[in-house]
$ cat structure10.tsv   # TSV, C-alpha atoms
chain	number	residue	atom	x	y	z
A	1	MET	CA	-18.54	-12.91	-17.58
A	2	LYS	CA	-15.43	-11.13	-18.92
A	3	SER	CA	-13.03	-12.91	-21.21
A	4	CYS	CA	-9.24	-12.93	-21.14
A	5	LEU	CA	-6.78	-14.31	-23.66
A	6	ILE	CA	-3.46	-15.41	-22.18
A	7	VAL	CA	-0.65	-15.14	-24.72
A	8	ASP	CA	2.52	-16.83	-23.49
A	9	ASP	CA	4.80	-19.53	-24.86
A	10	SER	CA	5.23	-21.00	-21.37
A	11	ARG	CA	2.59	-23.57	-20.54
A	12	ILE	CA	3.33	-23.12	-16.83
A	13	ILE	CA	2.71	-19.37	-16.93
A	14	ARG	CA	-0.52	-19.95	-18.85
A	15	LYS	CA	-1.61	-22.47	-16.25
A	16	VAL	CA	-0.80	-20.18	-13.29
A	17	ALA	CA	-2.48	-17.16	-14.89
A	18	ARG	CA	-5.52	-19.22	-15.91
A	19	ARG	CA	-6.06	-20.34	-12.34
A	20	ILE	CA	-5.91	-16.76	-10.99
A	21	LEU	CA	-8.15	-15.40	-13.76
A	22	GLU	CA	-10.75	-18.16	-13.36
A	23	ASP	CA	-10.86	-17.42	-9.63
A	24	LEU	CA	-11.64	-13.83	-10.61
A	25	ASP	CA	-14.51	-15.09	-12.80
A	26	PHE	CA	-12.88	-14.65	-16.18
A	27	GLU	CA	-13.54	-16.89	-19.14
A	28	VAL	CA	-10.03	-17.83	-20.25
A	29	ALA	CA	-8.50	-18.72	-23.62
A	30	GLU	CA	-4.85	-19.37	-24.41
A	31	ALA	CA	-2.42	-18.74	-27.27
A	32	ALA	CA	1.27	-19.65	-27.44
A	33	ASP	CA	2.48	-16.81	-29.67
A	34	GLY	CA	1.47	-13.59	-31.39
A	35	VAL	CA	0.25	-15.17	-34.62
A	36	GLU	CA	-2.03	-17.57	-32.79
A	37	ALA	CA	-3.28	-14.70	-30.61
A	38	LEU	CA	-4.03	-12.50	-33.62
A	39	ALA	CA	-6.02	-15.30	-35.25
A	40	TYR	CA	-8.01	-15.72	-32.04
A	41	CYS	CA	-8.74	-12.00	-31.78
A	42	ARG	CA	-9.91	-11.79	-35.39
A	43	ALA	CA	-12.49	-14.47	-34.62
A	44	GLU	CA	-13.49	-13.19	-31.19
A	45	MET	CA	-12.15	-10.05	-29.52
A	46	PRO	CA	-11.54	-10.72	-25.79
A	47	ASP	CA	-12.12	-8.11	-23.05
A	48	ALA	CA	-8.56	-8.52	-21.79
A	49	ILE	CA	-5.24	-9.85	-23.01
A	50	LEU	CA	-2.39	-10.94	-20.79
A	51	LEU	CA	0.62	-10.65	-23.05
A	52	ASP	CA	4.15	-12.04	-22.85
A	53	TRP	CA	6.90	-10.13	-24.64
A	54	VAL	CA	9.46	-12.67	-25.85
A	55	MET	CA	7.78	-15.45	-27.81
A	56	PRO	CA	8.64	-17.46	-30.93
A	57	VAL	CA	6.96	-16.69	-34.29
A	58	MET	CA	5.65	-13.23	-33.25
A	59	ASP	CA	6.63	-11.32	-30.11
A	60	GLY	CA	4.27	-9.42	-27.83
A	61	VAL	CA	5.01	-5.90	-29.01
A	62	THR	CA	4.64	-6.82	-32.69
A	63	PHE	CA	1.35	-8.55	-31.89
A	64	LEU	CA	0.10	-5.53	-29.93
A	65	ARG	CA	0.90	-3.04	-32.74
A	66	GLN	CA	-0.93	-5.25	-35.22
A	67	LEU	CA	-3.86	-5.78	-32.85
A	68	ARG	CA	-4.32	-2.05	-32.28
A	69	ALA	CA	-4.45	-1.54	-36.07
A	70	GLU	CA	-7.26	-4.09	-36.48
A	71	ILE	CA	-10.95	-3.10	-36.52
A	72	GLY	CA	-12.10	-3.43	-32.90
A	73	GLY	CA	-8.49	-4.01	-31.85
A	74	ASP	CA	-8.56	-0.97	-29.61
A	75	THR	CA	-11.13	-2.48	-27.25
A	76	PRO	CA	-9.24	-5.20	-25.31
A	77	LYS	CA	-7.36	-4.06	-22.23
A	78	VAL	CA	-3.84	-5.33	-22.72
A	79	ILE	CA	-1.63	-6.11	-19.76
A	80	PHE	CA	1.95	-7.04	-20.52
A	81	CYS	CA	3.21	-9.92	-18.43
A	82	THR	CA	6.91	-10.24	-18.94
A	83	ALA	CA	10.35	-10.66	-17.40
A	84	GLU	CA	11.43	-7.39	-19.09
A	85	THR	CA	11.81	-4.87	-16.26
A	86	GLU	CA	13.75	-1.96	-17.78
A	87	PRO	CA	11.86	1.36	-17.82
A	88	ARG	CA	12.67	1.89	-21.52
A	89	ARG	CA	11.00	-1.45	-22.30
A	90	ILE	CA	7.97	-0.47	-20.23
A	91	ARG	CA	7.73	2.83	-22.15
A	92	GLU	CA	8.02	0.92	-25.43
A	93	ALA	CA	5.14	-1.36	-24.41
A	94	LEU	CA	2.95	1.59	-23.40
A	95	ALA	CA	3.75	3.38	-26.67
A	96	ALA	CA	2.70	0.24	-28.56
A	97	GLY	CA	-0.70	0.43	-26.88
A	98	ALA	CA	-0.43	-1.52	-23.62
A	99	ASP	CA	-2.82	-0.50	-20.83
A	100	GLU	CA	-0.84	-1.98	-17.96
A	101	TYR	CA	2.43	-3.77	-17.40
A	102	MET	CA	3.22	-6.62	-15.05
A	103	MET	CA	6.74	-7.82	-14.33
A	104	LYS	CA	7.32	-11.52	-13.70
A	105	PRO	CA	7.24	-13.12	-11.23
A	106	PHE	CA	3.69	-12.19	-10.27
A	107	ASP	CA	0.99	-13.51	-7.97
A	108	GLY	CA	-2.75	-13.19	-7.60
A	109	ASP	CA	-2.47	-9.89	-5.70
A	110	ILE	CA	-0.43	-8.26	-8.43
A	111	LEU	CA	-2.58	-9.54	-11.30
A	112	GLY	CA	-5.69	-8.49	-9.36
A	113	SER	CA	-4.16	-5.04	-8.87
A	114	LYS	CA	-3.39	-4.71	-12.59
A	115	LEU	CA	-6.90	-5.80	-13.56
A	116	THR	CA	-8.26	-3.19	-11.18
A	117	GLU	CA	-6.05	-0.51	-12.76
A	118	THR	CA	-7.54	-1.30	-16.14
A	119	GLY	CA	-11.09	-1.31	-14.78
A	120	LEU	CA	-11.64	-5.01	-15.47
A	121	VAL	CA	-12.46	-5.97	-11.90
B	1	MET	CA	5.20	-23.66	18.77
B	2	THR	CA	3.65	-23.11	22.18
B	3	PHE	CA	5.21	-20.63	24.55
B	4	GLN	CA	4.92	-20.46	28.31
B	5	PRO	CA	1.65	-18.66	29.05
B	6	ASP	CA	3.27	-16.26	31.51
B	7	HIS	CA	5.87	-15.30	28.88
B	8	VAL	CA	3.12	-14.58	26.37
B	9	GLU	CA	1.20	-12.58	28.94
B	10	HIS	CA	4.30	-10.55	29.75
B	11	LEU	CA	4.91	-9.91	26.05
B	12	ALA	CA	1.30	-8.77	25.65
B	13	THR	CA	1.67	-6.34	28.57
B	14	ILE	CA	4.83	-4.85	27.10
B	15	LEU	CA	3.33	-4.49	23.61
B	16	LYS	CA	0.24	-2.80	24.95
B	17	ALA	CA	2.32	-0.30	26.89
B	18	VAL	CA	4.87	0.42	24.15
B	19	SER	CA	2.86	0.46	20.93
B	20	GLY	CA	-0.75	-0.08	21.98
B	21	PHE	CA	-0.76	-3.35	20.04
B	22	VAL	CA	-3.20	-5.83	21.53
B	23	LEU	CA	-1.85	-9.36	21.46
B	24	SER	CA	-4.91	-11.45	22.20
B	25	PRO	CA	-4.47	-15.18	22.95
B	26	GLU	CA	-5.84	-16.10	19.51
B	27	LYS	CA	-3.09	-13.97	17.93
B	28	ALA	CA	-0.33	-15.85	19.78
B	29	TYR	CA	0.47	-17.69	16.55
B	30	LEU	CA	2.03	-14.44	15.31
B	31	ILE	CA	4.81	-14.58	17.90
B	32	GLU	CA	7.02	-17.21	16.29
B	33	PRO	CA	7.08	-15.87	12.68
B	34	ARG	CA	7.42	-12.24	13.76
B	35	LEU	CA	10.10	-12.71	16.38
B	36	ALA	CA	12.19	-15.45	14.72
B	37	PRO	CA	14.10	-12.97	12.49
B	38	LEU	CA	14.73	-10.79	15.55
B	39	ALA	CA	16.05	-13.78	17.53
B	40	ARG	CA	18.48	-14.51	14.68
B	41	ARG	CA	19.61	-10.87	14.50
B	42	GLU	CA	20.17	-10.78	18.24
B	43	GLY	CA	22.12	-14.06	18.16
B	44	MET	CA	19.60	-15.84	20.33
B	45	ALA	CA	18.88	-19.51	19.87
B	46	SER	CA	15.09	-19.25	19.80
B	47	VAL	CA	12.06	-17.02	20.17
B	48	GLU	CA	11.54	-18.59	23.61
B	49	GLN	CA	14.90	-17.11	24.57
B	50	VAL	CA	13.79	-13.66	23.41
B	51	LEU	CA	10.68	-13.95	25.59
B	52	LEU	CA	12.77	-15.15	28.50
B	53	ARG	CA	15.15	-12.22	28.24
B	54	LEU	CA	12.23	-9.86	27.92
B	55	ARG	CA	11.05	-11.29	31.22
B	56	ARG	CA	14.32	-11.52	33.11
B	57	ALA	CA	16.65	-8.83	31.77
B	58	PRO	CA	14.74	-6.48	29.52
B	59	ASP	CA	16.48	-3.44	28.16
B	60	GLU	CA	14.85	-0.62	26.30
B	61	ARG	CA	16.47	-1.50	23.00
B	62	LEU	CA	15.18	-5.08	23.10
B	63	ILE	CA	11.70	-4.01	24.17
B	64	TRP	CA	11.57	-1.56	21.27
B	65	ALA	CA	12.89	-4.12	18.78
B	66	VAL	CA	10.27	-6.64	19.91
B	67	ALA	CA	7.46	-4.06	19.63
B	68	GLU	CA	8.64	-3.14	16.13
B	69	ALA	CA	8.89	-6.77	15.05
B	70	MET	CA	5.39	-7.55	16.34
B	71	SER	CA	3.75	-4.62	14.57
B	72	VAL	CA	1.78	-5.06	11.36
B	73	ASN	CA	3.34	-3.28	8.39
B	74	GLU	CA	0.99	-4.47	5.69
B	75	THR	CA	0.41	-1.67	3.19
B	76	THR	CA	0.31	-1.02	-0.53
B	77	PHE	CA	0.35	1.96	-2.85
B	78	PHE	CA	-3.13	3.49	-3.24
B	79	ARG	CA	-4.56	0.91	-0.86
B	80	ASP	CA	-8.35	0.64	-1.35
B	81	ARG	CA	-8.16	3.39	-4.02
B	82	SER	CA	-11.35	5.24	-3.04
B	83	PRO	CA	-9.86	7.30	-0.14
B	84	PHE	CA	-7.22	8.61	-2.55
B	85	GLU	CA	-9.78	9.48	-5.22
B	86	LEU	CA	-11.86	11.23	-2.57
B	87	PHE	CA	-8.80	13.14	-1.39
B	88	ARG	CA	-7.83	14.24	-4.91
B	89	ASP	CA	-11.32	15.05	-6.18
B	90	GLU	CA	-13.01	16.51	-3.11
B	91	ILE	CA	-11.09	16.91	0.13
B	92	ALA	CA	-7.87	18.56	-1.09
B	93	PRO	CA	-9.51	21.06	-3.50
B	94	ALA	CA	-12.12	22.01	-0.87
B	95	ILE	CA	-9.55	22.66	1.85
B	96	ALA	CA	-7.12	24.44	-0.50
B	97	SER	CA	-9.90	26.79	-1.59
B	98	ARG	CA	-10.36	27.82	2.05
B	99	ARG	CA	-6.64	28.47	2.68
B	100	ARG	CA	-5.05	31.73	1.65
B	101	ASP	CA	-1.81	30.04	0.49
B	102	ARG	CA	-3.70	26.94	-0.81
B	103	THR	CA	-1.63	24.70	1.48
B	104	VAL	CA	-3.16	21.43	2.60
B	105	ARG	CA	-1.31	19.76	5.45
B	106	VAL	CA	-1.65	15.99	5.63
B	107	TRP	CA	-0.44	13.60	8.29
B	108	CYS	CA	-0.18	9.89	7.51
B	109	ALA	CA	-0.18	8.36	11.00
B	110	GLY	CA	1.10	4.80	11.18
B	111	VAL	CA	2.45	4.94	7.65
B	112	ALA	CA	4.56	1.75	7.98
B	113	THR	CA	6.87	1.55	4.97
B	114	GLY	CA	5.57	4.76	3.41
B	115	GLN	CA	3.44	3.71	0.43
B	116	GLU	CA	0.42	5.74	1.56
B	117	ALA	CA	2.42	8.95	1.93
B	118	TYR	CA	4.09	8.50	-1.47
B	119	SER	CA	0.70	7.76	-3.03
B	120	LEU	CA	-0.59	11.10	-1.71
B	121	ALA	CA	2.59	12.81	-2.88
B	122	MET	CA	2.01	11.47	-6.41
B	123	LEU	CA	-1.51	12.90	-6.31
B	124	GLY	CA	-0.09	16.19	-5.06
B	125	LEU	CA	2.18	16.42	-8.07
B	126	GLN	CA	-0.92	16.11	-10.28
B	127	MET	CA	-2.67	18.98	-8.48
B	128	PRO	CA	-0.81	22.19	-9.25
B	129	GLU	CA	-3.61	24.21	-7.63
B	130	VAL	CA	-2.96	22.57	-4.25
B	131	LYS	CA	0.19	22.97	-2.20
B	132	LEU	CA	0.45	19.67	-0.39
B	133	GLU	CA	2.56	19.19	2.71
B	134	ILE	CA	2.81	15.59	3.84
B	135	LEU	CA	4.12	14.16	7.08
B	136	GLY	CA	4.56	10.39	7.27
B	137	SER	CA	5.02	8.91	10.72
B	138	ASP	CA	5.36	5.53	12.32
B	139	PHE	CA	6.54	4.33	15.69
B	140	SER	CA	8.88	1.86	13.98
B	141	GLN	CA	12.27	3.31	13.14
B	142	ARG	CA	12.99	0.38	10.83
B	143	CYS	CA	9.84	1.09	8.82
B	144	LEU	CA	10.61	4.79	8.64
B	145	GLU	CA	14.13	4.12	7.38
B	146	LYS	CA	12.70	2.11	4.53
B	147	ALA	CA	10.04	4.74	3.86
B	148	GLN	CA	12.63	7.47	3.78
B	149	SER	CA	14.91	5.52	1.44
B	150	GLY	CA	12.03	5.28	-1.03
B	151	LEU	CA	13.32	1.84	-2.06
B	152	TYR	CA	10.76	-0.82	-2.89
B	153	THR	CA	10.90	-4.31	-4.31
B	154	GLN	CA	9.42	-5.19	-7.68
B	155	PHE	CA	6.66	-6.99	-5.79
B	156	GLU	CA	5.82	-3.89	-3.73
B	157	VAL	CA	5.69	-1.46	-6.66
B	158	GLN	CA	3.30	-3.74	-8.50
B	159	ARG	CA	0.67	-3.76	-5.79
B	160	GLY	CA	-1.64	-0.82	-6.34
B	161	LEU	CA	0.72	1.39	-8.31
B	162	PRO	CA	-0.30	1.97	-11.95
B	163	VAL	CA	2.65	1.39	-14.25
B	164	ARG	CA	2.54	4.93	-15.67
B	165	GLN	CA	2.98	6.31	-12.16
B	166	LEU	CA	5.80	3.84	-11.58
B	167	ILE	CA	7.86	5.00	-14.53
B	168	GLU	CA	7.06	8.64	-13.90
B	169	HIS	CA	7.99	8.72	-10.22
B	170	PHE	CA	10.44	5.85	-9.68
B	171	ASP	CA	13.90	4.94	-10.94
B	172	LYS	CA	15.10	1.41	-11.33
B	173	VAL	CA	18.08	0.73	-9.05
B	174	ASP	CA	19.44	-2.77	-9.65
B	175	GLU	CA	16.53	-5.06	-8.79
B	176	MET	CA	14.72	-2.41	-6.74
B	177	TRP	CA	12.67	0.68	-7.57
B	178	ARG	CA	13.38	3.98	-5.86
B	179	ALA	CA	11.06	6.96	-5.50
B	180	ASN	CA	12.75	9.77	-7.42
B	181	ALA	CA	14.13	12.84	-5.66
B	182	ARG	CA	11.06	14.96	-6.44
B	183	LEU	CA	8.74	12.43	-4.83
B	184	ARG	CA	11.00	11.84	-1.85
B	185	GLN	CA	11.20	15.58	-1.20
B	186	ALA	CA	7.42	15.79	-1.14
B	187	VAL	CA	7.20	13.89	2.15
B	188	ALA	CA	8.69	14.62	5.56
B	189	TRP	CA	9.16	11.69	7.94
B	190	LYS	CA	9.08	11.57	11.70
B	191	PRO	CA	9.03	8.82	14.31
B	192	VAL	CA	5.77	9.25	16.21
B	193	ASN	CA	4.29	6.88	18.74
B	194	LEU	CA	0.52	7.34	18.89
B	195	MET	CA	0.69	6.29	22.56
B	196	GLY	CA	2.62	9.48	23.35
B	197	ASP	CA	1.95	13.19	23.31
B	198	LEU	CA	0.85	14.39	19.86
B	199	SER	CA	0.19	18.00	20.72
B	200	ARG	CA	3.54	19.26	19.44
B	201	LEU	CA	3.25	17.75	15.97
B	202	GLY	CA	1.62	20.83	14.54
B	203	ARG	CA	-1.79	21.26	12.93
B	204	PHE	CA	-3.18	19.25	10.05
B	205	ASP	CA	-6.05	19.56	7.61
B	206	VAL	CA	-6.30	15.83	6.94
B	207	VAL	CA	-5.12	12.86	8.96
B	208	PHE	CA	-4.87	9.45	7.33
B	209	CYS	CA	-4.84	6.81	10.06
B	210	ARG	CA	-5.91	3.71	8.23
B	211	ASN	CA	-5.84	0.19	9.59
B	212	VAL	CA	-3.90	1.32	12.65
B	213	LEU	CA	-6.55	1.70	15.35
B	214	THR	CA	-7.77	-1.77	14.59
B	215	TYR	CA	-4.79	-3.22	16.52
B	216	PHE	CA	-5.59	-1.21	19.67
B	217	ASP	CA	-8.14	-1.90	22.39
B	218	GLU	CA	-11.17	0.32	22.72
B	219	PRO	CA	-9.95	2.77	25.39
B	220	THR	CA	-6.69	3.24	23.47
B	221	ARG	CA	-8.62	3.84	20.24
B	222	ARG	CA	-10.76	6.50	21.89
B	223	ASP	CA	-7.70	8.14	23.40
B	224	VAL	CA	-5.83	8.23	20.07
B	225	LEU	CA	-8.92	9.57	18.26
B	226	GLU	CA	-9.15	12.42	20.77
B	227	LYS	CA	-5.48	13.22	20.37
B	228	ILE	CA	-5.83	13.24	16.58
B	229	ALA	CA	-8.82	15.57	16.89
B	230	GLY	CA	-6.56	17.84	18.92
B	231	VAL	CA	-4.16	18.35	16.00
B	232	LEU	CA	-6.83	18.63	13.32
B	233	GLU	CA	-8.01	22.00	12.05
B	234	PRO	CA	-11.69	22.63	12.89
B	235	ASP	CA	-12.66	22.04	9.23
B	236	GLY	CA	-10.32	19.07	8.90
B	237	PHE	CA	-10.94	15.43	8.06
B	238	LEU	CA	-9.88	12.06	9.41
B	239	VAL	CA	-9.57	9.12	7.04
B	240	LEU	CA	-9.85	5.68	8.63
B	241	GLY	CA	-9.58	2.20	7.12
B	242	ALA	CA	-12.61	0.84	5.29
B	243	ALA	CA	-13.50	-1.48	8.18
B	244	GLU	CA	-12.87	1.05	10.95
B	245	THR	CA	-15.16	3.56	12.61
B	246	SER	CA	-14.68	6.54	14.89
B	247	MET	CA	-16.74	4.59	17.47
B	248	ASP	CA	-19.17	7.41	18.18
B	249	SER	CA	-16.25	9.51	19.37
B	250	ALA	CA	-17.44	12.97	20.31
B	251	ALA	CA	-14.58	14.40	18.28
B	252	PHE	CA	-15.76	13.19	14.87
B	253	ARG	CA	-18.86	12.72	12.81
B	254	PRO	CA	-19.01	10.47	9.76
B	255	ALA	CA	-19.20	12.17	6.37
B	256	PRO	CA	-22.49	10.90	4.86
B	257	GLY	CA	-21.99	8.46	2.02
B	258	ARG	CA	-18.22	8.53	2.39
B	259	ARG	CA	-17.04	5.32	3.97
B	260	GLY	CA	-14.04	5.79	6.27
B	261	LEU	CA	-14.21	9.59	6.12
B	262	TYR	CA	-14.85	11.61	9.27
B	263	ALA	CA	-15.16	15.34	9.76
B	264	ARG	CA	-13.87	16.87	12.95
B	265	ASP	CA	-16.90	17.83	14.95
B	266	PRO	CA	-16.91	21.64	15.17
B	267	GLU	CA	-18.48	21.44	18.64
B	268	PHE	CA	-15.63	19.27	19.95
B	269	ARG	CA	-13.68	21.11	22.67
B	270	LYS	CA	-15.24	24.37	21.62
B	271	ALA	CA	-15.59	25.31	25.23
B	272	ALA	CA	-11.96	24.50	26.01

$ encode --input "structure10.tsv" --output "structure tokens"
Amino acid sequence: MKSCLIVDDSRIIRKVARRILEDLDFEVAEAADGVEALAYCRAEMPDAILLDWVMPVMDGVTFLRQLRAEIGGDTPKVIFCTAETEPRRIREALAAGADEYMMKPFDGDILGSKLTETGLV
Amino acid sequence: MTFQPDHVEHLATILKAVSGFVLSPEKAYLIEPRLAPLARREGMASVEQVLLRLRRAPDERLIWAVAEAMSVNETTFFRDRSPFELFRDEIAPAIASRRRDRTVRVWCAGVATGQEAYSLAMLGLQMPEVKLEILGSDFSQRCLEKAQSGLYTQFEVQRGLPVRQLIEHFDKVDEMWRANARLRQAVAWKPVNLMGDLSRLGRFDVVFCRNVLTYFDEPTRRDVLEKIAGVLEPDGFLVLGAAETSMDSAAFRPAPGRRGLYARDPEFRKAA
């Protein structure tokens, strides 16, 4: 069973994403910001991370840069999941080490498609 | 919503004749959701009224609009992935190597809103050794207009299209995404009804006709397959949807181990 960490400060988004991911047979964990997510990854590196951009304490891009610098931090497939839709923001996320990028709002089809792109399903 | 059976039967007859679409009784539930927007556009009070006018005072424009509205336009970028990988890795290089000018001519038949043709065009831009010519066709003018505009919603560009391809080949226009000029120029569009004469379309090396035949009845499928064979080069290929087959058509033989891929049978019409 593959594991996915959902990092989002919105409890609703985490709930929606969890339901879709569990239907796709993922073991799901949640974090509400970048600091919490980093602590989780240091203890147990997930196979995938669904990552919001704008969050309190530590935002998604800052988290991703730090994650990629960690030992083993290059292994999780990271899919941004954000309301940011400008191409320059997408390029910034990819340059920081994102594997895929999903613009909110999303549904099961879109998340499934992104997971397929990254080879997770 | 239940419609008068004779109205439904009449609609089914018209659809079959115009677009080949088979409206079986168990698909009657599609009538209301598909025709309601058309009824509104036409200023008619209900779908029943559309069916009534189709019966009593049909004009060509209405018949066409109804056939367009009833057609299935479900498609995504790189739908099912594997046919595109097969095209990029095997089919296109093999055909190009056999052509003096390395041109590979592809026809996307029943392309709906164009995602399949643009997906192939994106692959073409990654294959400098292949000169790809792509024709996208559909019987629906409304679909073709959208395809030609290259404009897609955020929802549409996120189904099947890797984000790197999105930012390489599309520009953001307000809330929509538009295929850039280079990509748009890589595809030619033409209204083509598979029920009609296809012999003047030209010749093709590969025909993508995926999830189209499935809406036709068996004699129509066989007829369309034969017509497609007639425009395919002798060493050409037909790509069908994953759940479709060439139904033992004399014109094609399945490529072993390649689901949905059919080679034109070299013996087909050899004598003709």

$ interface_residues --input "structure10.tsv" --of "chain B" --to "chain A" --cutoff "7 Å" --atoms "only C-alpha atoms" --output "compact mmCIF listing (two decimals) with C-alpha atoms, keeping the file's coordinate frame"
# COMPACT_ATOMS: atom_id res chain seq x y z
CA GLN B 158 3.30 -3.74 -8.50
CA ARG B 159 0.67 -3.76 -5.79
CA GLY B 160 -1.64 -0.82 -6.34
CA PRO B 162 -0.30 1.97 -11.95
CA VAL B 163 2.65 1.39 -14.25
CA ILE B 167 7.86 5.00 -14.53

$ residues_around --input "structure10.tsv" --residues "Leu135 (chain B)" --least-positions-apart "6" --cutoff "12 Å" --atoms "only C-alpha atoms" --output "mmCIF file with C-alpha atoms, keeping the file's coordinate frame"
data_model
loop_
_atom_site.group_PDB
_atom_site.id
_atom_site.type_symbol
_atom_site.label_atom_id
_atom_site.label_comp_id
_atom_site.auth_asym_id
_atom_site.auth_seq_id
_atom_site.Cartn_x
_atom_site.Cartn_y
_atom_site.Cartn_z
ATOM 1 C CA VAL B 104 -3.160 21.430 2.600
ATOM 2 C CA ARG B 105 -1.310 19.760 5.450
ATOM 3 C CA VAL B 106 -1.650 15.990 5.630
ATOM 4 C CA TRP B 107 -0.440 13.600 8.290
ATOM 5 C CA CYS B 108 -0.180 9.890 7.510
ATOM 6 C CA ALA B 109 -0.180 8.360 11.000
ATOM 7 C CA GLY B 110 1.100 4.800 11.180
ATOM 8 C CA VAL B 111 2.450 4.940 7.650
ATOM 9 C CA GLY B 114 5.570 4.760 3.410
ATOM 10 C CA GLU B 116 0.420 5.740 1.560
ATOM 11 C CA ALA B 117 2.420 8.950 1.930
ATOM 12 C CA TYR B 118 4.090 8.500 -1.470
ATOM 13 C CA LEU B 120 -0.590 11.100 -1.710
ATOM 14 C CA ALA B 121 2.590 12.810 -2.880
ATOM 15 C CA LEU B 144 10.610 4.790 8.640
ATOM 16 C CA ALA B 147 10.040 4.740 3.860
ATOM 17 C CA GLN B 148 12.630 7.470 3.780
ATOM 18 C CA ARG B 184 11.000 11.840 -1.850
ATOM 19 C CA GLN B 185 11.200 15.580 -1.200
ATOM 20 C CA ALA B 186 7.420 15.790 -1.140
ATOM 21 C CA VAL B 187 7.200 13.890 2.150
ATOM 22 C CA ALA B 188 8.690 14.620 5.560
ATOM 23 C CA TRP B 189 9.160 11.690 7.940
ATOM 24 C CA LYS B 190 9.080 11.570 11.700
ATOM 25 C CA PRO B 191 9.030 8.820 14.310
ATOM 26 C CA VAL B 192 5.770 9.250 16.210
ATOM 27 C CA LEU B 201 3.250 17.750 15.970
ATOM 28 C CA GLY B 202 1.620 20.830 14.540
ATOM 29 C CA ARG B 203 -1.790 21.260 12.930
ATOM 30 C CA PHE B 204 -3.180 19.250 10.050
ATOM 31 C CA ASP B 205 -6.050 19.560 7.610
ATOM 32 C CA VAL B 206 -6.300 15.830 6.940
ATOM 33 C CA VAL B 207 -5.120 12.860 8.960
ATOM 34 C CA PHE B 208 -4.870 9.450 7.330
ATOM 35 C CA CYS B 209 -4.840 6.810 10.060
#

$ atom_distance --input "structure10.tsv" --atom1 "CA of Arg18 (chain A)" --atom2 "CA of Ala39 (chain A)"
19.7 Å

$ residues_around --input "structure10.tsv" --residues "Thr113 (chain B)" --least-positions-apart "3" --cutoff "9 Å" --atoms "all atoms listed in the file" --output "list in words"
Asn73, Glu74, Thr75, Thr76, Glu116, Asp138, Arg142, Cys143, Leu144, Glu145, Lys146, Ala147, Gln148 and Gly150 of chain B

$ residues_around --input "structure10.tsv" --residues "region 265-267 of chain B" --least-positions-apart "3" --cutoff "6 Å" --atoms "all atoms listed in the file" --output "PyMOL selection string"
chain B and resi 234+251-253+270

$ residues_near_point --input "structure10.tsv" --point "(9.3, -13.5, 28.5)" --cutoff "12 Å" --atoms "all atoms listed in the file" --output "PyMOL selection string"
chain B and resi 3-15+31+46-58+62-63+66

$ closest_residue --input "structure10.tsv" --among "A:Leu64, A:Ala83, A:Ala96, A:Leu38" --to "Ile13 (chain A)" --atoms "all atoms listed in the file"
A:Ala83

$ closest_residue --input "structure10.tsv" --among "B:Leu23, B:Phe155, B:Arg264, B:Glu60" --to "Leu238 (chain B)" --atoms "only C-alpha atoms"
B:Arg264

$ residues_around --input "structure10.tsv" --residues "Asp9 (chain A)" --least-positions-apart "5" --cutoff "8 Å" --atoms "only C-alpha atoms" --output "PyMOL selection string"
chain A and resi 31-33+52+55-56

$ closest_residue --input "structure10.tsv" --among "A:Val121, A:Leu5, A:Ile79, A:Ile71" --to "Ala29 (chain A)" --atoms "all atoms listed in the file"
A:Leu5

$ residues_around --input "structure10.tsv" --residues "Gly260 (chain B)" --least-positions-apart "3" --cutoff "8 Å" --atoms "all atoms listed in the file" --output "JSON, numbers by chain"
{"B": [83, 239, 240, 241, 242, 243, 244, 245, 254]}

$ write_last_selection --input "structure10.tsv" --atoms "C-alpha atoms" --output "PDB file, in the coordinates of the input"
ATOM      1  CA  PRO B  83      -9.860   7.300  -0.140  1.00  0.00           C
ATOM      2  CA  VAL B 239      -9.570   9.120   7.040  1.00  0.00           C
ATOM      3  CA  LEU B 240      -9.850   5.680   8.630  1.00  0.00           C
ATOM      4  CA  GLY B 241      -9.580   2.200   7.120  1.00  0.00           C
ATOM      5  CA  ALA B 242     -12.610   0.840   5.290  1.00  0.00           C
ATOM      6  CA  ALA B 243     -13.500  -1.480   8.180  1.00  0.00           C
ATOM      7  CA  GLU B 244     -12.870   1.050  10.950  1.00  0.00           C
ATOM      8  CA  THR B 245     -15.160   3.560  12.610  1.00  0.00           C
ATOM      9  CA  PRO B 254     -19.010  10.470   9.760  1.00  0.00           C
TER      10      PRO B 254
END

$ atom_distance --input "structure10.tsv" --atom1 "CA of Trp177 (chain B)" --atom2 "CA of Thr153 (chain B)"
6.2 Å

$ residues_near_point --input "structure10.tsv" --point "(10.9, 7.1, -7.6)" --cutoff "6 Å" --atoms "only C-alpha atoms" --output "number ranges by chain"
B: 169-171, 178-180

$ axis_aligned_box --input "structure10.tsv" --around "region 192-200 of chain B" --padding-each-side "3 Å" --output "AutoDock Vina command-line options"
--center_x 3.0 --center_y 12.8 --center_z 19.8 --size_x 11.6 --size_y 19.0 --size_z 13.1

$ atom_distance --input "structure10.tsv" --atom1 "CA of Asp8 (chain A)" --atom2 "CA of Asp59 (chain A)"
9.5 Å
